[in-house]
file protein-v4.txt (compact mmCIF, N, CA and C atoms)
# COMPACT_ATOMS: atom_id res chain seq x y z
N MET A 1 163.00 102.50 85.92
CA MET A 1 161.65 102.88 86.23
C MET A 1 161.03 101.82 87.13
N THR A 2 160.35 102.25 88.19
CA THR A 2 159.74 101.30 89.11
C THR A 2 158.25 101.18 88.83
N VAL A 3 157.74 100.02 89.11
CA VAL A 3 156.33 99.75 88.91
C VAL A 3 155.61 99.95 90.24
N PRO A 4 154.53 100.72 90.25
CA PRO A 4 153.82 100.92 91.52
C PRO A 4 153.20 99.61 92.01
N ARG A 5 153.21 99.43 93.32
CA ARG A 5 152.64 98.22 93.91
C ARG A 5 151.13 98.30 93.88
N ARG A 6 150.53 97.16 93.66
CA ARG A 6 149.07 97.09 93.68
C ARG A 6 148.60 96.79 95.10
N LYS A 7 147.55 97.46 95.47
CA LYS A 7 146.97 97.21 96.79
C LYS A 7 146.08 95.98 96.72
N LYS A 8 146.16 95.16 97.73
CA LYS A 8 145.30 93.99 97.80
C LYS A 8 143.89 94.44 98.15
N PRO A 9 142.89 93.87 97.50
CA PRO A 9 141.53 94.26 97.86
C PRO A 9 141.20 93.80 99.28
N THR A 10 140.61 94.69 100.04
CA THR A 10 140.27 94.35 101.42
C THR A 10 138.88 93.72 101.44
N SER A 11 138.73 92.75 102.28
CA SER A 11 137.44 92.09 102.41
C SER A 11 136.58 92.88 103.40
N ALA A 12 135.30 92.69 103.33
CA ALA A 12 134.39 93.36 104.25
C ALA A 12 134.65 92.85 105.66
N PRO A 13 134.53 93.72 106.65
CA PRO A 13 134.76 93.26 108.03
C PRO A 13 133.73 92.19 108.42
N ALA A 14 134.21 91.20 109.13
CA ALA A 14 133.34 90.10 109.55
C ALA A 14 132.34 90.60 110.59
N GLU A 15 131.14 90.07 110.52
CA GLU A 15 130.12 90.44 111.49
C GLU A 15 130.48 89.84 112.84
N PRO A 16 130.40 90.62 113.92
CA PRO A 16 130.79 90.09 115.22
C PRO A 16 129.87 88.95 115.66
N VAL A 17 130.45 87.99 116.34
CA VAL A 17 129.71 86.83 116.82
C VAL A 17 129.03 87.20 118.14
N LYS A 18 127.76 86.83 118.29
CA LYS A 18 127.03 87.14 119.52
C LYS A 18 127.54 86.27 120.66
N CYS A 19 127.52 86.84 121.84
CA CYS A 19 127.92 86.13 123.06
C CYS A 19 126.91 85.02 123.33
N SER A 20 127.40 83.84 123.65
CA SER A 20 126.50 82.70 123.88
C SER A 20 125.83 82.75 125.25
N VAL A 21 126.40 83.47 126.18
CA VAL A 21 125.84 83.53 127.52
C VAL A 21 124.62 84.46 127.56
N CYS A 22 124.76 85.68 127.01
CA CYS A 22 123.68 86.67 127.07
C CYS A 22 122.92 86.78 125.76
N LYS A 23 123.30 86.02 124.75
CA LYS A 23 122.66 86.01 123.44
C LYS A 23 122.70 87.38 122.76
N GLY A 24 123.76 88.15 123.02
CA GLY A 24 123.96 89.42 122.35
C GLY A 24 123.35 90.63 123.02
N SER A 25 122.66 90.46 124.13
CA SER A 25 122.00 91.60 124.79
C SER A 25 122.95 92.35 125.73
N GLY A 26 123.95 91.67 126.27
CA GLY A 26 124.88 92.30 127.21
C GLY A 26 124.43 92.22 128.65
N GLU A 27 123.23 91.68 128.87
CA GLU A 27 122.70 91.56 130.23
C GLU A 27 122.24 90.14 130.48
N VAL A 28 122.33 89.71 131.73
CA VAL A 28 121.85 88.40 132.14
C VAL A 28 120.94 88.57 133.35
N SER A 29 119.99 87.66 133.51
CA SER A 29 119.09 87.69 134.66
C SER A 29 119.74 86.96 135.82
N VAL A 30 119.64 87.57 136.98
CA VAL A 30 120.24 87.01 138.19
C VAL A 30 119.15 86.96 139.25
N SER A 31 119.03 85.84 139.96
CA SER A 31 118.04 85.75 141.02
C SER A 31 118.51 86.57 142.22
N VAL A 32 117.55 87.19 142.89
CA VAL A 32 117.85 88.05 144.03
C VAL A 32 117.99 87.18 145.26
N ARG A 33 119.06 87.42 146.02
CA ARG A 33 119.29 86.68 147.27
C ARG A 33 119.28 87.68 148.41
N VAL A 34 118.53 87.36 149.46
CA VAL A 34 118.37 88.29 150.57
C VAL A 34 118.66 87.61 151.89
N GLY A 35 118.93 88.42 152.87
CA GLY A 35 119.11 87.93 154.23
C GLY A 35 120.51 87.44 154.52
N ARG A 36 120.70 87.11 155.80
CA ARG A 36 122.00 86.64 156.24
C ARG A 36 122.33 85.28 155.67
N LYS A 37 121.30 84.45 155.48
CA LYS A 37 121.52 83.10 154.94
C LYS A 37 121.49 83.08 153.42
N ARG A 38 121.34 84.26 152.81
CA ARG A 38 121.35 84.41 151.35
C ARG A 38 120.30 83.53 150.68
N GLU A 39 119.08 83.62 151.16
CA GLU A 39 117.99 82.85 150.59
C GLU A 39 117.56 83.44 149.25
N THR A 40 117.30 82.58 148.28
CA THR A 40 116.90 83.01 146.95
C THR A 40 115.41 83.31 146.94
N THR A 41 115.03 84.44 146.35
CA THR A 41 113.63 84.81 146.22
C THR A 41 113.17 84.56 144.78
N ASP A 42 111.88 84.81 144.52
CA ASP A 42 111.34 84.63 143.17
C ASP A 42 111.68 85.80 142.26
N ALA A 43 112.18 86.90 142.80
CA ALA A 43 112.47 88.09 142.01
C ALA A 43 113.74 87.90 141.18
N GLN A 44 113.78 88.59 140.06
CA GLN A 44 114.94 88.55 139.17
C GLN A 44 115.43 89.97 138.94
N GLN A 45 116.71 90.15 138.77
CA GLN A 45 117.27 91.45 138.40
C GLN A 45 118.26 91.24 137.27
N THR A 46 118.48 92.28 136.47
CA THR A 46 119.43 92.15 135.37
C THR A 46 120.80 92.58 135.84
N GLY A 47 121.79 91.93 135.30
CA GLY A 47 123.16 92.25 135.63
C GLY A 47 124.01 92.24 134.38
N LEU A 48 125.17 92.79 134.46
CA LEU A 48 126.12 92.85 133.35
C LEU A 48 126.67 91.46 133.06
N CYS A 49 126.71 91.09 131.80
CA CYS A 49 127.26 89.79 131.40
C CYS A 49 128.77 89.82 131.60
N LEU A 50 129.28 88.90 132.39
CA LEU A 50 130.71 88.88 132.68
C LEU A 50 131.53 88.24 131.57
N ALA A 51 130.88 87.50 130.68
CA ALA A 51 131.60 86.86 129.58
C ALA A 51 132.01 87.88 128.51
N CYS A 52 131.12 88.84 128.23
CA CYS A 52 131.41 89.83 127.18
C CYS A 52 131.52 91.24 127.73
N LEU A 53 131.35 91.42 129.02
CA LEU A 53 131.40 92.71 129.71
C LEU A 53 130.40 93.71 129.14
N GLY A 54 129.22 93.21 128.76
CA GLY A 54 128.14 94.08 128.32
C GLY A 54 128.16 94.47 126.86
N SER A 55 129.15 94.04 126.11
CA SER A 55 129.21 94.45 124.70
C SER A 55 128.29 93.62 123.82
N GLY A 56 127.97 92.39 124.23
CA GLY A 56 127.12 91.52 123.44
C GLY A 56 127.88 90.73 122.39
N GLU A 57 129.18 90.97 122.26
CA GLU A 57 129.99 90.25 121.29
C GLU A 57 130.86 89.22 122.00
N ALA A 58 131.02 88.08 121.35
CA ALA A 58 131.84 87.01 121.93
C ALA A 58 133.30 87.45 121.97
N ALA A 59 134.00 87.04 123.01
CA ALA A 59 135.41 87.37 123.15
C ALA A 59 136.21 86.62 122.10
N ARG A 60 137.17 87.30 121.53
CA ARG A 60 138.04 86.66 120.52
C ARG A 60 139.32 86.21 121.18
N ASN A 61 139.61 84.96 121.03
CA ASN A 61 140.83 84.41 121.64
C ASN A 61 141.88 84.19 120.61
call {"tool": "encode", "arguments": {"input": "protein-v4.txt", "output": "structure tokens"}}
result
Amino acid sequence: MTVPRRKKPTSAPAEPVKCSVCKGSGEVSVSVRVGRKRETTDAQQTGLCLACLGSGEAARN
């Protein structure tokens, strides 16, 4: 007679760590550059965070 194996209790999934670059929002502010000489203006625009690719979670290595 064989004894059934016991399943190991699973732990709760860990909460994802927020990206340090965008602070979890997935977007970063980028200054607008215009003209041929690429002069920086006072305007800001939002762009996709390249560290987390917009997910807001830190990359796991």
call {"tool": "atom_distance", "arguments": {"input": "protein-v4.txt", "atom1": "atom CA of A:Cys52", "atom2": "atom N of A:Ser20"}}
result
8.0 Å
call {"tool": "residues_around", "arguments": {"input": "protein-v4.txt", "residues": "A:Val30", "least_positions_apart": "3", "cutoff": "7 Å", "atoms": "only C-alpha atoms", "output": "short mmCIF file (atom, residue, chain, number, x, y, z; two decimals) with N, CA and C atoms, in the frame of the given file"}}
result
data_model
loop_
_atom_site.label_atom_id
_atom_site.label_comp_id
_atom_site.auth_asym_id
_atom_site.auth_seq_id
_atom_site.Cartn_x
_atom_site.Cartn_y
_atom_site.Cartn_z
N GLN A 44 113.78 88.59 140.06
CA GLN A 44 114.94 88.55 139.17
C GLN A 44 115.43 89.97 138.94
N GLN A 45 116.71 90.15 138.77
CA GLN A 45 117.27 91.45 138.40
C GLN A 45 118.26 91.24 137.27
N THR A 46 118.48 92.28 136.47
CA THR A 46 119.43 92.15 135.37
C THR A 46 120.80 92.58 135.84
N GLY A 47 121.79 91.93 135.30
CA GLY A 47 123.16 92.25 135.63
C GLY A 47 124.01 92.24 134.38
#
call {"tool": "select_by_dssp", "arguments": {"input": "protein-v4.txt", "residues": "chain A", "states": "strand (DSSP E)", "output": "list in words"}}
result
Glu27, Val28, Ser29, Val30, Ser31, Val32, Arg33, Val34, Glu39, Thr40, Thr41, Asp42, Ala43, Gln44, Gln45, Thr46, Gly47 and Leu48 of chain A
call {"tool": "atom_distance", "arguments": {"input": "protein-v4.txt", "atom1": "atom CA of A:Ala59", "atom2": "atom C of A:Pro13"}}
result
15.6 Å
call {"tool": "atom_distance", "arguments": {"input": "protein-v4.txt", "atom1": "atom N of A:Arg33", "atom2": "atom C of A:Leu48"}}
result
15.6 Å
call {"tool": "residues_around", "arguments": {"input": "protein-v4.txt", "residues": "stretch 14-19 of chain A", "least_positions_apart": "4", "cutoff": "6 Å", "atoms": "all atoms listed in the file", "output": "list in words"}}
result
Lys23, Gly24, Gly56, Glu57 and Ala58 of chain A
call {"tool": "residues_around", "arguments": {"input": "protein-v4.txt", "residues": "A:Leu50", "least_positions_apart": "5", "cutoff": "8 Å", "atoms": "only N, CA and C atoms", "output": "PyMOL selection string"}}
result
chain A and resi 22+26-28
call {"tool": "build_atoms", "arguments": {"input": "protein-v4.txt", "residues": "stretch 45-56 of chain A", "atoms": "all heavy atoms", "output": "PDB file, in the coordinates of the input"}}
result
ATOM      1  N   GLN A  45     116.710  90.150 138.770  1.00  0.00           N
ATOM      2  CA  GLN A  45     117.270  91.450 138.400  1.00  0.00           C
ATOM      3  C   GLN A  45     118.260  91.240 137.270  1.00  0.00           C
ATOM      4  O   GLN A  45     118.795  90.150 137.100  1.00  0.00           O
ATOM      5  CB  GLN A  45     117.932  92.131 139.589  1.00  0.00           C
ATOM      6  CG  GLN A  45     119.170  91.433 140.107  1.00  0.00           C
ATOM      7  CD  GLN A  45     119.747  92.129 141.328  1.00  0.00           C
ATOM      8  OE1 GLN A  45     119.130  93.007 141.892  1.00  0.00           O
ATOM      9  NE2 GLN A  45     120.919  91.714 141.742  1.00  0.00           N
ATOM     10  N   THR A  46     118.480  92.280 136.470  1.00  0.00           N
ATOM     11  CA  THR A  46     119.430  92.150 135.370  1.00  0.00           C
ATOM     12  C   THR A  46     120.800  92.580 135.840  1.00  0.00           C
ATOM     13  O   THR A  46     120.937  93.479 136.669  1.00  0.00           O
ATOM     14  CB  THR A  46     119.010  93.002 134.160  1.00  0.00           C
ATOM     15  OG1 THR A  46     118.937  94.352 134.568  1.00  0.00           O
ATOM     16  CG2 THR A  46     117.691  92.549 133.596  1.00  0.00           C
ATOM     17  N   GLY A  47     121.790  91.930 135.300  1.00  0.00           N
ATOM     18  CA  GLY A  47     123.160  92.250 135.630  1.00  0.00           C
ATOM     19  C   GLY A  47     124.010  92.240 134.380  1.00  0.00           C
ATOM     20  O   GLY A  47     123.608  91.725 133.329  1.00  0.00           O
ATOM     21  N   LEU A  48     125.170  92.790 134.460  1.00  0.00           N
ATOM     22  CA  LEU A  48     126.120  92.850 133.350  1.00  0.00           C
ATOM     23  C   LEU A  48     126.670  91.460 133.060  1.00  0.00           C
ATOM     24  O   LEU A  48     127.038  90.726 133.981  1.00  0.00           O
ATOM     25  CB  LEU A  48     127.266  93.791 133.721  1.00  0.00           C
ATOM     26  CG  LEU A  48     128.306  94.086 132.677  1.00  0.00           C
ATOM     27  CD1 LEU A  48     127.681  94.915 131.562  1.00  0.00           C
ATOM     28  CD2 LEU A  48     129.446  94.858 133.289  1.00  0.00           C
ATOM     29  N   CYS A  49     126.710  91.090 131.800  1.00  0.00           N
ATOM     30  CA  CYS A  49     127.260  89.790 131.400  1.00  0.00           C
ATOM     31  C   CYS A  49     128.770  89.820 131.600  1.00  0.00           C
ATOM     32  O   CYS A  49     129.458  90.677 131.048  1.00  0.00           O
ATOM     33  CB  CYS A  49     126.917  89.505 129.942  1.00  0.00           C
ATOM     34  SG  CYS A  49     127.620  87.970 129.332  1.00  0.00           S
ATOM     35  N   LEU A  50     129.280  88.900 132.390  1.00  0.00           N
ATOM     36  CA  LEU A  50     130.710  88.880 132.680  1.00  0.00           C
ATOM     37  C   LEU A  50     131.530  88.240 131.570  1.00  0.00           C
ATOM     38  O   LEU A  50     132.742  88.433 131.494  1.00  0.00           O
ATOM     39  CB  LEU A  50     130.968  88.160 133.997  1.00  0.00           C
ATOM     40  CG  LEU A  50     130.352  88.829 135.221  1.00  0.00           C
ATOM     41  CD1 LEU A  50     130.616  87.989 136.459  1.00  0.00           C
ATOM     42  CD2 LEU A  50     130.884  90.229 135.395  1.00  0.00           C
ATOM     43  N   ALA A  51     130.880  87.500 130.680  1.00  0.00           N
ATOM     44  CA  ALA A  51     131.600  86.860 129.580  1.00  0.00           C
ATOM     45  C   ALA A  51     132.010  87.880 128.510  1.00  0.00           C
ATOM     46  O   ALA A  51     133.096  87.806 127.958  1.00  0.00           O
ATOM     47  CB  ALA A  51     130.757  85.753 128.963  1.00  0.00           C
ATOM     48  N   CYS A  52     131.120  88.840 128.230  1.00  0.00           N
ATOM     49  CA  CYS A  52     131.410  89.830 127.180  1.00  0.00           C
ATOM     50  C   CYS A  52     131.520  91.240 127.730  1.00  0.00           C
ATOM     51  O   CYS A  52     131.737  92.188 126.971  1.00  0.00           O
ATOM     52  CB  CYS A  52     130.343  89.776 126.093  1.00  0.00           C
ATOM     53  SG  CYS A  52     128.710  90.294 126.647  1.00  0.00           S
ATOM     54  N   LEU A  53     131.350  91.420 129.020  1.00  0.00           N
ATOM     55  CA  LEU A  53     131.400  92.710 129.710  1.00  0.00           C
ATOM     56  C   LEU A  53     130.400  93.710 129.140  1.00  0.00           C
ATOM     57  O   LEU A  53     130.680  94.891 128.994  1.00  0.00           O
ATOM     58  CB  LEU A  53     132.818  93.280 129.676  1.00  0.00           C
ATOM     59  CG  LEU A  53     133.862  92.425 130.388  1.00  0.00           C
ATOM     60  CD1 LEU A  53     135.232  93.034 130.216  1.00  0.00           C
ATOM     61  CD2 LEU A  53     133.530  92.281 131.853  1.00  0.00           C
ATOM     62  N   GLY A  54     129.220  93.210 128.760  1.00  0.00           N
ATOM     63  CA  GLY A  54     128.140  94.080 128.320  1.00  0.00           C
ATOM     64  C   GLY A  54     128.160  94.470 126.860  1.00  0.00           C
ATOM     65  O   GLY A  54     127.284  95.190 126.414  1.00  0.00           O
ATOM     66  N   SER A  55     129.150  94.040 126.110  1.00  0.00           N
ATOM     67  CA  SER A  55     129.210  94.450 124.700  1.00  0.00           C
ATOM     68  C   SER A  55     128.290  93.620 123.820  1.00  0.00           C
ATOM     69  O   SER A  55     127.878  94.051 122.747  1.00  0.00           O
ATOM     70  CB  SER A  55     130.640  94.328 124.174  1.00  0.00           C
ATOM     71  OG  SER A  55     131.034  92.976 124.106  1.00  0.00           O
ATOM     72  N   GLY A  56     127.970  92.390 124.230  1.00  0.00           N
ATOM     73  CA  GLY A  56     127.120  91.520 123.440  1.00  0.00           C
ATOM     74  C   GLY A  56     127.880  90.730 122.390  1.00  0.00           C
ATOM     75  O   GLY A  56     127.300  89.910 121.685  1.00  0.00           O
TER      76      GLY A  56
END
